[in-house]
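Participant: See target31.txt below, with compact mmCIF, C-alpha atoms.
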# COMPACT_ATOMS: atom_id res chain seq x y z
CA MET H 13 79.13 134.26 116.35
CA ASN H 14 79.64 130.49 116.27
CA VAL H 15 82.80 128.57 116.93
CA HIS H 16 83.42 128.32 113.18
CA ASP H 17 83.88 132.07 112.92
CA GLU H 18 86.25 132.27 115.81
CA MET H 19 89.14 130.68 113.96
CA SER H 20 90.83 133.03 111.56
CA ASP H 21 92.79 131.77 108.59
CA ALA H 22 95.95 132.52 110.53
CA ASP H 23 94.72 130.41 113.45
CA VAL H 24 93.99 127.50 111.15
CA LEU H 25 97.36 127.74 109.46
CA ARG H 26 99.06 127.96 112.84
CA ALA H 27 97.29 124.83 114.01
CA ALA H 28 98.26 123.04 110.80
CA ALA H 29 101.85 124.20 111.22
CA ASP H 30 101.90 122.90 114.79
CA ALA H 31 100.53 119.53 113.73
CA LEU H 32 102.96 119.15 110.85
CA SER H 33 105.91 120.43 112.85
CA ALA H 34 105.36 117.79 115.51
CA ILE H 35 106.20 115.04 113.04
CA PRO H 36 109.78 113.89 113.62
CA MET H 37 111.89 114.53 110.55
CA PRO H 38 115.09 112.82 109.43
CA ARG H 39 118.20 114.81 110.17
CA ALA H 40 120.04 116.51 107.37
CA PRO H 41 122.76 114.46 105.73
CA ASP H 42 126.28 115.76 105.76
CA THR H 43 126.63 118.64 103.32
CA ALA H 44 129.73 117.01 101.90
CA VAL H 45 127.65 114.06 100.75
CA ILE H 46 125.22 116.34 98.94
CA ILE H 47 128.06 118.26 97.32
CA THR H 48 129.86 115.10 96.27
CA THR H 49 126.70 113.67 94.76
CA GLY H 50 125.95 116.87 92.87
CA ARG H 51 129.52 117.09 91.68
CA ALA H 52 129.49 113.53 90.40
CA ARG H 53 126.29 114.18 88.51
CA ARG H 54 127.64 117.36 87.03
CA HIS H 55 130.66 115.41 85.91
CA ARG H 56 128.47 112.78 84.29
CA GLN H 57 126.46 115.47 82.55
CA VAL H 58 129.60 116.99 81.17
CA THR H 59 131.12 113.74 80.08
CA GLY H 60 127.90 112.24 78.87
CA LEU H 61 128.31 109.18 80.99
CA SER H 62 125.23 107.42 82.16
CA ILE H 63 124.40 106.70 85.73
CA ALA H 64 126.76 104.94 87.93
CA GLY H 65 127.82 105.38 91.44
CA THR H 66 125.82 108.18 92.83
CA ALA H 67 122.41 107.61 91.35
CA ALA H 68 119.99 106.36 93.87
CA VAL H 69 118.95 102.78 93.37
CA THR H 70 115.69 101.89 94.98
CA VAL H 71 114.86 98.25 95.16
CA VAL H 72 112.83 95.88 97.13
CA ALA H 73 114.92 94.92 100.06
CA LEU H 74 114.80 92.98 103.21
CA PHE H 75 116.87 93.55 106.25
CA MET H 76 117.51 90.33 108.07
CA SER H 77 119.48 90.61 111.24
CA GLY H 78 121.99 87.85 111.48
CA VAL H 79 122.20 87.23 107.77
CA PHE H 80 125.60 88.76 107.63
CA GLY H 81 127.01 86.70 110.42
CA ALA H 82 127.58 83.97 107.92
CA ILE H 83 130.67 83.00 106.04
CA SER H 84 132.02 86.10 104.42
CA ARG H 85 133.94 86.19 101.20
CA GLN H 86 136.06 88.93 99.79
CA PRO H 87 134.33 90.05 96.64
CA ALA H 88 136.25 90.55 93.47
CA GLY H 89 135.81 93.36 91.01
CA SER H 90 136.19 97.06 91.24
CA GLY H 91 132.67 97.45 92.52
CA SER H 92 133.81 96.13 95.81
CA ARG H 93 136.65 98.56 96.11
CA GLN H 94 136.40 101.74 98.03
CA PRO H 95 134.82 104.46 95.93
CA SER H 96 137.28 107.18 95.14
CA HIS H 97 135.34 110.19 96.32
CA PRO H 98 135.57 111.02 100.00
CA ALA H 99 131.91 111.21 100.97
CA HIS H 100 131.41 107.56 100.20
CA ALA H 101 134.85 106.48 101.21
CA GLN H 102 133.57 104.43 104.11
CA LEU H 103 131.34 102.24 101.96
CA THR H 104 132.00 99.50 99.50
CA ALA H 105 129.74 99.63 96.49
CA TRP H 106 128.53 96.10 97.00
CA THR H 107 129.41 92.96 98.86
CA VAL H 108 128.77 89.39 97.86
CA THR H 109 128.66 86.89 100.70
CA ARG H 110 128.14 83.16 100.66
CA LEU H 111 125.88 82.28 103.54
CA ALA H 112 126.20 79.18 105.65
CA ASP H 113 123.32 77.47 103.86
CA GLY H 114 124.88 78.06 100.45
CA ASP H 115 122.75 81.04 99.54
CA ILE H 116 124.45 84.07 98.03
CA SER H 117 123.73 87.41 99.63
CA ILE H 118 124.32 90.60 97.69
CA ARG H 119 124.38 93.76 99.71
CA ILE H 120 124.34 96.83 97.51
CA ASN H 121 125.42 100.20 98.73
CA GLN H 122 125.89 101.63 95.27
CA PHE H 123 124.94 100.11 91.98
CA LYS H 124 128.24 100.63 90.28
CA ASP H 125 130.47 98.34 88.32
CA PRO H 126 127.77 95.88 87.29
CA ALA H 127 130.34 93.93 85.29
CA GLY H 128 132.36 93.40 88.45
CA LEU H 129 129.31 92.22 90.33
CA GLN H 130 128.46 89.91 87.46
CA SER H 131 131.96 88.41 87.51
CA THR H 132 131.80 87.90 91.25
CA LEU H 133 128.49 86.11 91.05
CA ARG H 134 129.71 83.91 88.23
CA ALA H 135 132.83 83.10 90.24
CA ASP H 136 130.52 82.04 93.03
CA GLY H 137 128.79 79.65 90.68
CA VAL H 138 125.74 81.73 89.89
CA PRO H 139 125.09 82.14 86.17
CA ALA H 140 124.38 85.85 86.12
CA SER H 141 123.83 88.85 83.93
CA VAL H 142 124.14 92.18 85.72
CA THR H 143 123.55 95.38 83.79
CA PHE H 144 121.89 98.71 83.83
CA ALA H 145 118.39 98.40 82.43
CA SER H 146 119.24 100.59 79.46
CA GLN H 147 122.04 98.22 78.54
CA ARG H 148 120.31 94.95 79.17
CA ASN H 149 121.79 91.94 77.53
CA GLN H 150 119.47 91.26 74.63
CA ALA H 151 120.57 87.65 74.57
CA CYS H 152 118.86 87.05 77.91
CA ARG H 153 115.42 85.48 77.69
CA PRO H 154 113.14 85.18 80.68
CA TYR H 155 112.73 81.71 82.07
CA PRO H 156 109.08 80.58 82.42
CA GLY H 157 107.89 81.91 85.76
CA GLY H 158 111.07 83.91 86.08
CA THR H 159 109.51 87.34 85.95
CA LEU H 160 106.89 89.14 87.94
CA SER H 161 103.42 88.71 86.59
CA PRO H 162 100.60 91.21 86.86
CA GLY H 163 98.07 90.62 89.59
CA SER H 164 94.45 91.58 89.46
CA GLY H 165 92.55 94.57 90.71
CA PRO H 166 93.69 98.15 91.12
CA PRO H 167 96.42 98.98 91.80
CA SER H 168 97.39 95.77 90.08
CA PRO H 169 100.50 94.67 91.99
CA LEU H 170 102.99 92.44 90.30
CA ARG H 171 103.08 88.95 91.71
CA PRO H 172 106.23 86.93 92.23
CA SER H 173 106.03 83.36 91.02
CA ALA H 174 106.99 80.38 93.15
CA LEU H 175 110.22 80.15 91.18
CA LEU H 176 111.11 83.75 91.92
CA LYS H 177 110.42 83.23 95.59
CA GLN H 178 112.63 80.18 95.66
CA VAL H 179 115.52 81.64 93.74
CA PHE H 180 115.31 85.05 95.42
CA PRO H 181 114.08 84.42 98.98
CA THR H 182 114.88 88.05 99.48
CA PRO H 183 113.09 90.06 98.31
CA TYR H 184 110.40 87.97 96.67
CA GLN H 185 109.32 85.73 99.52
CA VAL H 186 108.76 88.83 101.55
CA LEU H 187 106.97 90.56 98.73
CA GLY H 188 104.59 87.68 98.49
CA ALA H 189 103.60 88.02 102.11
CA PRO H 190 100.49 90.00 102.96
CA PRO H 191 101.17 93.70 103.62
CA GLY H 192 102.17 94.34 107.17
CA THR H 193 103.71 90.95 107.78
CA GLY H 194 107.38 90.40 108.01
CA PRO H 195 110.02 93.02 107.54
CA ALA H 196 109.20 93.74 103.90
CA ARG H 197 109.65 97.28 102.87
CA MET H 198 111.04 99.43 100.19
CA ALA H 199 114.55 100.42 101.03
CA LYS H 200 116.94 102.77 99.45
CA ALA H 201 120.32 101.54 98.52
CA ALA H 202 123.33 103.67 98.96
CA GLY H 203 124.48 105.82 96.17
CA ALA H 204 121.67 108.04 97.19
CA PRO H 205 122.77 111.44 98.38
CA ALA H 206 123.38 110.17 101.86
CA PRO H 207 124.83 106.87 102.91
CA PRO H 208 121.84 104.99 104.26
CA PRO H 209 121.67 103.48 107.69
CA SER H 210 122.78 99.89 107.81
CA GLY H 211 119.23 98.60 107.79
CA ASN H 212 118.43 100.32 104.54
CA ARG H 213 120.99 98.77 102.27
CA THR H 214 119.71 96.70 99.45
CA VAL H 215 119.96 93.03 100.09
CA ILE H 216 119.22 90.37 97.54
CA VAL H 217 119.61 86.73 98.44
CA ILE H 218 120.01 84.11 95.74
CA ASP H 219 119.50 80.42 96.37
CA PRO H 220 121.55 78.83 93.57
CA SER H 221 120.17 75.38 94.37
CA ALA H 222 116.68 76.59 93.43
CA LEU H 223 117.76 77.50 89.92
CA PRO H 224 116.60 75.10 87.24
CA ARG H 225 119.53 73.41 85.52
CA ASN H 226 119.39 75.65 82.46
CA ALA H 227 118.60 78.90 84.27
CA GLY H 228 120.51 81.84 85.64
CA VAL H 229 119.74 85.20 87.18
CA GLU H 230 119.50 88.65 85.71
CA LEU H 231 119.80 91.85 87.73
CA ALA H 232 119.03 95.02 85.80
CA SER H 233 119.04 98.42 87.40
CA SER H 234 117.38 101.38 85.77
CA ASP H 235 119.85 104.10 84.94
CA ALA H 236 117.49 106.94 85.78
CA ALA H 237 119.21 109.89 87.31
CA ALA H 238 117.04 110.14 90.36
CA SER H 239 116.08 106.72 91.54
CA ALA H 240 115.93 103.39 89.92
CA LEU H 241 114.64 99.92 90.34
CA LEU H 242 116.56 96.72 90.51
CA LEU H 243 114.51 93.74 89.48
CA PRO H 244 115.93 90.27 89.99
CA VAL H 245 114.57 87.82 87.44
CA VAL H 246 115.32 84.27 86.33
CA VAL H 247 116.52 83.84 82.76
CA TYR H 248 117.64 81.02 80.55
CA ALA H 249 121.32 80.37 81.14
CA GLY H 250 123.52 80.63 78.12
CA ALA H 251 126.98 81.68 77.09
CA GLN H 252 125.69 84.91 75.60
CA CYS H 253 123.63 85.82 78.64
CA THR H 254 124.91 84.45 81.89
CA GLY H 255 128.36 83.33 80.87
CA MET A 13 136.19 125.08 101.27
CA SER A 14 135.49 127.51 98.44
CA ASN A 15 133.20 130.50 98.85
CA GLU A 16 130.69 128.75 96.66
CA GLU A 17 130.73 125.68 98.87
CA ALA A 18 130.47 127.75 102.01
CA GLU A 19 127.53 129.63 100.59
CA PHE A 20 125.79 126.42 99.58
CA THR A 21 126.51 124.80 102.94
CA GLU A 22 124.93 127.71 104.74
CA PHE A 23 121.89 127.52 102.50
CA PHE A 24 121.61 123.76 102.87
CA GLN A 25 121.85 123.76 106.63
CA ALA A 26 119.30 126.52 107.01
CA SER A 27 116.91 125.15 104.40
CA TRP A 28 116.95 121.38 104.87
CA GLU A 29 114.25 121.16 107.49
CA PRO A 30 111.73 123.65 106.08
CA CYS A 31 112.07 122.14 102.61
CA LEU A 32 111.76 118.64 104.03
CA ARG A 33 108.65 119.60 105.97
CA VAL A 34 106.96 121.03 102.89
CA VAL A 35 107.72 117.95 100.82
CA ALA A 36 106.73 115.60 103.65
CA ALA A 37 103.43 117.43 104.00
CA VAL A 38 102.78 116.97 100.31
CA VAL A 39 103.89 113.37 99.86
CA GLY A 40 102.74 112.21 103.30
CA SER A 41 105.93 110.39 104.24
CA PRO A 42 109.04 111.87 105.86
CA GLN A 43 111.12 109.00 104.52
CA LEU A 44 110.06 109.50 100.93
CA ALA A 45 110.47 113.23 101.39
CA GLU A 46 113.99 112.76 102.72
CA ASP A 47 115.09 110.98 99.56
CA GLN A 48 113.50 113.51 97.28
CA VAL A 49 114.80 116.54 99.15
CA ALA A 50 118.33 115.16 99.34
CA GLU A 51 118.16 114.56 95.62
CA ALA A 52 116.91 118.09 95.05
CA PHE A 53 119.70 119.61 97.11
CA ALA A 54 122.25 117.64 95.09
CA LYS A 55 120.68 119.13 91.97
CA ALA A 56 120.73 122.55 93.58
CA TRP A 57 124.45 122.20 94.10
CA MET A 58 124.86 121.10 90.48
CA SER A 59 123.16 124.33 89.40
CA TRP A 60 124.24 126.47 92.31
CA ARG A 61 125.16 129.51 90.25
CA LYS A 62 121.61 129.61 88.95
CA VAL A 63 119.87 128.56 92.13
CA SER A 64 121.80 130.97 94.31
CA HIS A 65 120.35 133.84 92.28
CA HIS A 66 116.87 132.39 92.24
CA PRO A 67 114.32 134.68 93.92
CA ALA A 68 113.10 131.79 96.07
CA PRO A 69 115.79 129.12 96.21
CA ARG A 70 114.00 127.06 98.86
CA ALA A 71 110.94 126.95 96.67
CA TRP A 72 113.19 125.80 93.80
CA VAL A 73 114.39 122.92 95.96
CA VAL A 74 110.84 121.98 96.92
CA ARG A 75 109.65 122.07 93.33
CA THR A 76 112.61 119.97 92.21
CA ALA A 77 112.04 117.49 95.03
CA LEU A 78 108.39 117.10 94.18
CA ASN A 79 109.16 116.70 90.49
CA THR A 80 111.78 114.11 91.33
CA GLY A 81 109.29 112.31 93.48
CA ALA A 82 106.67 112.33 90.81
CA SER A 83 108.92 110.85 88.19
CA TRP A 84 110.32 108.34 90.65
CA TRP A 85 106.85 107.34 91.71
CA ARG A 86 105.63 106.99 88.16
CA ARG A 87 108.59 104.81 87.30
CA ARG A 88 108.13 102.69 90.38
CA SER A 89 104.43 102.23 89.95
CA ARG A 90 104.99 101.14 86.39
CA GLU A 91 107.69 98.66 87.22
CA LEU A 92 106.96 97.37 90.69
CA PRO A 93 103.87 98.63 92.43
CA LEU A 94 104.00 97.89 96.10
CA ALA A 95 101.06 99.63 97.62
CA ASP A 96 100.99 99.77 101.39
CA HIS A 97 104.65 99.08 101.87
CA ASP A 98 106.19 102.50 102.04
CA VAL A 99 103.57 105.18 102.30
CA ALA A 100 103.13 106.29 105.84
CA ALA A 101 99.63 106.24 107.12
CA PRO A 102 98.51 108.49 109.92
CA GLY A 103 98.07 105.44 112.10
CA ASP A 104 101.79 104.76 111.85
CA LEU A 105 102.65 107.96 113.58
CA ALA A 106 103.76 108.10 117.14
CA ASN A 107 101.39 109.00 119.89
CA GLY A 108 101.16 112.62 120.82
CA LEU A 109 100.55 113.91 117.32
CA ASP A 110 97.33 115.53 116.26
CA VAL A 111 96.34 112.59 114.12
CA SER A 112 92.90 113.90 113.24
CA LEU A 113 94.27 117.18 111.96
CA LEU A 114 97.12 115.46 110.12
CA THR A 115 94.62 113.12 108.54
CA ALA A 116 92.58 116.10 107.47
CA ILE A 117 95.67 117.71 105.96
CA TRP A 118 96.54 114.58 104.01
CA ARG A 119 93.00 114.26 102.80
CA LEU A 120 93.24 117.64 101.14
CA PRO A 121 93.87 117.62 97.41
CA ARG A 122 97.59 117.70 96.73
CA ARG A 123 97.58 121.24 95.36
CA GLN A 124 95.84 122.55 98.45
CA ARG A 125 98.33 120.73 100.66
CA GLU A 126 101.22 122.13 98.71
CA VAL A 127 99.99 125.69 98.87
CA ILE A 128 99.39 125.45 102.60
CA ALA A 129 102.79 123.86 103.25
CA LEU A 130 104.59 126.48 101.16
CA ARG A 131 102.81 129.20 103.07
CA ILE A 132 103.47 127.65 106.46
CA PHE A 133 107.05 126.51 106.17
CA LEU A 134 108.58 128.77 103.53
CA ASP A 135 106.44 131.80 104.30
CA LEU A 136 105.95 132.47 100.61
CA ASP A 137 103.46 135.03 99.41
CA THR A 138 100.73 134.21 96.92
CA ASP A 139 102.55 135.51 93.87
CA THR A 140 105.72 133.56 94.64
CA ILE A 141 103.75 130.38 95.23
CA ALA A 142 101.94 130.96 91.96
CA ARG A 143 105.21 131.35 90.06
CA GLN A 144 106.66 128.22 91.64
CA MET A 145 103.61 126.11 90.98
CA LYS A 146 103.12 127.66 87.56
CA ILE A 147 99.52 128.53 88.27
CA GLU A 148 97.60 131.79 88.55
CA ALA A 149 97.69 133.77 91.78
CA GLY A 150 93.91 133.52 91.90
CA THR A 151 94.18 129.76 91.78
CA VAL A 152 96.64 129.82 94.66
CA ARG A 153 94.18 131.90 96.67
CA MET A 154 91.44 129.46 95.83
CA HIS A 155 93.51 126.44 96.92
CA LEU A 156 94.49 128.21 100.12
CA SER A 157 90.96 129.28 100.89
CA ARG A 158 89.47 125.83 100.27
CA GLY A 159 92.23 124.08 102.16
CA VAL A 160 91.95 126.36 105.15
CA ALA A 161 88.17 126.00 105.13
CA ALA A 162 88.46 122.20 105.20
CA LEU A 163 90.94 122.30 108.06
CA ARG A 164 88.86 124.82 109.94
CA HIS A 165 85.92 122.48 109.64
CA GLU A 166 88.02 119.66 111.07
CA LEU A 167 89.30 121.81 113.91
CA THR A 168 85.93 123.20 114.87
CA SER A 169 84.32 119.77 114.63
CA ASN A 170 86.84 118.50 117.11
CA GLU A 171 86.20 121.43 119.42
CA THR A 172 82.48 120.88 119.22
CA THR A 173 82.87 117.17 119.93
CA GLU A 174 85.09 117.78 122.90
CA ALA A 175 82.82 120.50 124.25
CA SER A 176 79.80 118.24 124.09
CA ARG A 177 81.45 115.44 126.09
Any chance you could give the structure as structure tokens?
Facilitator:
Amino acid sequence: MNVHDEMSDADVLRAAADALSAIPMPRAPDTAVIITTGRARRHRQVTGLSIAGTAAVTVVALFMSGVFGAISRQPAGSGSRQPSHPAHAQLTAWTVTRLADGDISIRINQFKDPAGLQSTLRADGVPASVTFASQRNQACRPYPGGTLSPGSGPPSPLRPSALLKQVFPTPYQVLGAPPGTGPARMAKAAGAPAPPPSGNRTVIVIDPSALPRNAGVELASSDAAASALLLPVVVYAGAQCTG
Amino acid sequence: MSNEEAEFTEFFQASWEPCLRVVAAVVGSPQLAEDQVAEAFAKAWMSWRKVSHHPAPRAWVVRTALNTGASWWRRRSRELPLADHDVAAPGDLANGLDVSLLTAIWRLPRRQREVIALRIFLDLDTDTIARQMKIEAGTVRMHLSRGVAALRHELTSNETTEASR
């Protein structure tokens, strides 16, 4: 009998179980958060409403320590109010902050009330269109170099242009860095079943001074029920698009 | 708290970790798995009257989580592929883990990994796994057999290597 025969199927499975069980796993979220999320979805199903508060929004995000130590501004719009349901009561949906260098930081916990976020950005001097992807403003036209362009080779990653990196230092400058450098990562915004840890909120930074004179920004979040993407792009500014 | 909520809470608390471990074994990332499993539990609560009478409710959660992950992944890869940024590699894991065996597990075809994880963490029999994965029981046995054989090879190779040092 060789060593190969000495391990039964049960032995192999036990060894696999031991190896897999040794991996640290995230702790369970509060049951109330799960229930609240499920309830909100059930309500949306019944009422036929599309996604809003509790759908998970996954975007490219960067966590920069110290970014939020800058000048803070009270955001306007209902999106910045406390959500009504208890599980998320400790979180604002989103926060817009003007940083010391004039950049605008958007921290998103939940992608809800896009119109409110849009108004807040416009009030801060950023021509903006903020929508769910399914309701994108058809009047918005991409500015040259304002969208991601396909790269080459499998899996063909999308490449941010220089304009995107300038207008959106976060996330696009980080995206443009080679893998493994900098704090780039995919992060989950709140609105997911569990409130994320502070480092996992979605942060988008806009540098308004980098916008061409006739350009604005568009943020469109997919309204998929499970997870969605939020892609910041540069568009032509205009009354019908960015106000 | 209603009886329904209490029942779900008990199920959730007892099932979170085993379901998470199955999904993590399949997708290869505890963080991705966490999102997908949380999503699946929210859906389970949405359909609790149905799920609570399901013959294998944990398997329902796992299947839902994996389906959620698949659709999420497809959407993401279509809209913003970011290879290397969020998929855990064995090298990322902390010291003290059996990296060679974990690598071998993650090298298995996904179906084999899923069958093994369902067997290990949910203790499901072949017929139940077959129903959940919507495949024939014979196919489940084949996946299990091939997966176990590959892992056995890895384990015995390691033993042989260590013995010869």
Participant: So the first atom is CA of Gln252 in chain H and the second is CA of Ile218 in chain H; what is the distance between them in Å, to one decimal place?
Facilitator: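 Answer for the CA of Gln252 in chain H to CA of Ile218 in chain H separation: 20.9 Å.
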Participant: Axis-aligned box over every listed atom of range 110-126 of chain A, padded by 8 Å per side: centre and edges in Å to one decimal, as lines of an AutoDock Vina configuration file?
Facilitator:
center_x = 96.9
center_y = 117.6
center_z = 105.8
size_x = 24.6
size_y = 26.0
size_z = 36.9
Participant: Which residue is closest to Val138 in chain H? Choose from H:Arg39, H:Arg153, H:Arg51, H:Arg225 and count only C-alpha atoms.
Facilitator: H:Arg225
Participant: How many Å lie between CA of Pro42 in chain A and CA of Ser59 in chain A, rounded to one decimal?
Facilitator: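 Answer for the CA of Pro42 in chain A to CA of Ser59 in chain A separation: 25.0 Å.
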Participant: Mind pulling up the distance from CA of Asp219 in chain H to CA of Val245 in chain H?
Facilitator: 12.6 Å
Participant: How would you write as a PyMOL selection string the residues that get within 8 Å of (130.2, 84.8, 94.3) in the file's frame, counting only C-alpha atoms?
Facilitator: chain H and resi 85+87+108-110+116+131-138
Participant: Could you write out that same residue set with C-alpha atoms as a compact mmCIF listing (two decimals), in the frame of the given file?
Facilitator:
# COMPACT_ATOMS: atom_id res chain seq x y z
CA ARG H 85 133.94 86.19 101.20
CA PRO H 87 134.33 90.05 96.64
CA VAL H 108 128.77 89.39 97.86
CA THR H 109 128.66 86.89 100.70
CA ARG H 110 128.14 83.16 100.66
CA ILE H 116 124.45 84.07 98.03
CA SER H 131 131.96 88.41 87.51
CA THR H 132 131.80 87.90 91.25
CA LEU H 133 128.49 86.11 91.05
CA ARG H 134 129.71 83.91 88.23
CA ALA H 135 132.83 83.10 90.24
CA ASP H 136 130.52 82.04 93.03
CA GLY H 137 128.79 79.65 90.68
CA VAL H 138 125.74 81.73 89.89
Participant: Residues of chain A no more than 6 Å from chain H, counting only C-alpha atoms: send them over as a PyMOL selection string.
Facilitator: chain A and resi 50+54-55+57-58+93+97+110+164+168
Participant: Pick the closest to Glu17 in chain A from A:Ser64, A:Ser41, A:Gln144, A:Asn79: which is it, counting all atoms listed in the file?
Facilitator: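 Ranking A:Ser64, A:Ser41, A:Gln144, A:Asn79 by distance to Glu17 in chain A, first place goes to A:Ser64.
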Participant: When distances are computed from only C-alpha atoms, which of A:Ile132, A:Val34, A:Ala56, A:Ala45 shows the smallest separation from Thr21 in chain A?
Facilitator: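 The closest residue to Thr21 in chain A is A:Ala56.
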Participant: Please provide the set of residues having any atom within 12 Å of range 119-121 of chain A, restricted to only C-alpha atoms, with same-chain residues fewer than 3 positions apart removed, written as a list of chain:residue names.
Facilitator: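 Answer for this query is A:Ala37, A:Val38, A:Val39, A:Gly40, A:Ala101, A:Pro102, A:Val111, A:Ser112, A:Leu113, A:Leu114, A:Thr115, A:Ala116, A:Gln124, A:Arg125, A:Glu126, A:Val127, A:Ile128, A:Ala129, A:His155, A:Leu156, A:Ser157, A:Arg158, A:Gly159, A:Val160, A:Ala161, A:Ala162, A:Leu163, A:Glu166.
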Participant: Mind checking which residues fall within 9 Å of Leu130 in chain A, counting all atoms listed in the file, ignoring those fewer than 6 positions away in the same chain, and posting them as a ChimeraX atom specification?
Facilitator: /A:31,34,71,74,136-137,141
Participant: Take the residues just selected and output them with C-alpha atoms as a CSV table (one decimal), keeping the file's coordinate frame.
Facilitator:
chain,number,residue,atom,x,y,z
A,31,CYS,CA,112.1,122.1,102.6
A,34,VAL,CA,107.0,121.0,102.9
A,71,ALA,CA,110.9,127.0,96.7
A,74,VAL,CA,110.8,122.0,96.9
A,136,LEU,CA,106.0,132.5,100.6
A,137,ASP,CA,103.5,135.0,99.4
A,141,ILE,CA,103.8,130.4,95.2
Participant: Point out the residue among H:Ala151, H:Val217, H:Ala222, H:Cys253 with the least atom-to-atom distance to Phe180 in chain H, counting all atoms listed in the file.
Facilitator: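 Closest residue, counting all atoms listed in the file: H:Val217.
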Participant: I want to know what sits within 12 Å of Phe23 in chain A, based on only C-alpha atoms, with residues of the same chain fewer than 2 positions away left out; could you give that as a PDB file with C-alpha atoms, in the coordinates of the input?
Facilitator:
ATOM      1  CA  THR H  43     126.630 118.640 103.320  1.00  0.00           C
TER       2      THR H  43
ATOM      3  CA  GLU A  16     130.690 128.750  96.660  1.00  0.00           C
ATOM      4  CA  GLU A  17     130.730 125.680  98.870  1.00  0.00           C
ATOM      5  CA  ALA A  18     130.470 127.750 102.010  1.00  0.00           C
ATOM      6  CA  GLU A  19     127.530 129.630 100.590  1.00  0.00           C
ATOM      7  CA  PHE A  20     125.790 126.420  99.580  1.00  0.00           C
ATOM      8  CA  THR A  21     126.510 124.800 102.940  1.00  0.00           C
ATOM      9  CA  GLN A  25     121.850 123.760 106.630  1.00  0.00           C
ATOM     10  CA  ALA A  26     119.300 126.520 107.010  1.00  0.00           C
ATOM     11  CA  SER A  27     116.910 125.150 104.400  1.00  0.00           C
ATOM     12  CA  TRP A  28     116.950 121.380 104.870  1.00  0.00           C
ATOM     13  CA  GLU A  29     114.250 121.160 107.490  1.00  0.00           C
ATOM     14  CA  PRO A  30     111.730 123.650 106.080  1.00  0.00           C
ATOM     15  CA  CYS A  31     112.070 122.140 102.610  1.00  0.00           C
ATOM     16  CA  PHE A  53     119.700 119.610  97.110  1.00  0.00           C
ATOM     17  CA  ALA A  56     120.730 122.550  93.580  1.00  0.00           C
ATOM     18  CA  TRP A  57     124.450 122.200  94.100  1.00  0.00           C
ATOM     19  CA  TRP A  60     124.240 126.470  92.310  1.00  0.00           C
ATOM     20  CA  VAL A  63     119.870 128.560  92.130  1.00  0.00           C
ATOM     21  CA  SER A  64     121.800 130.970  94.310  1.00  0.00           C
ATOM     22  CA  ALA A  68     113.100 131.790  96.070  1.00  0.00           C
ATOM     23  CA  PRO A  69     115.790 129.120  96.210  1.00  0.00           C
ATOM     24  CA  ARG A  70     114.000 127.060  98.860  1.00  0.00           C
ATOM     25  CA  VAL A  73     114.390 122.920  95.960  1.00  0.00           C
TER      26      VAL A  73
END
Participant: I'd like to know which of A:Ser14, A:Arg143, A:Leu109, A:Ala36 is closest to His66 in chain A, using all atoms listed in the file.
Facilitator: A:Arg143
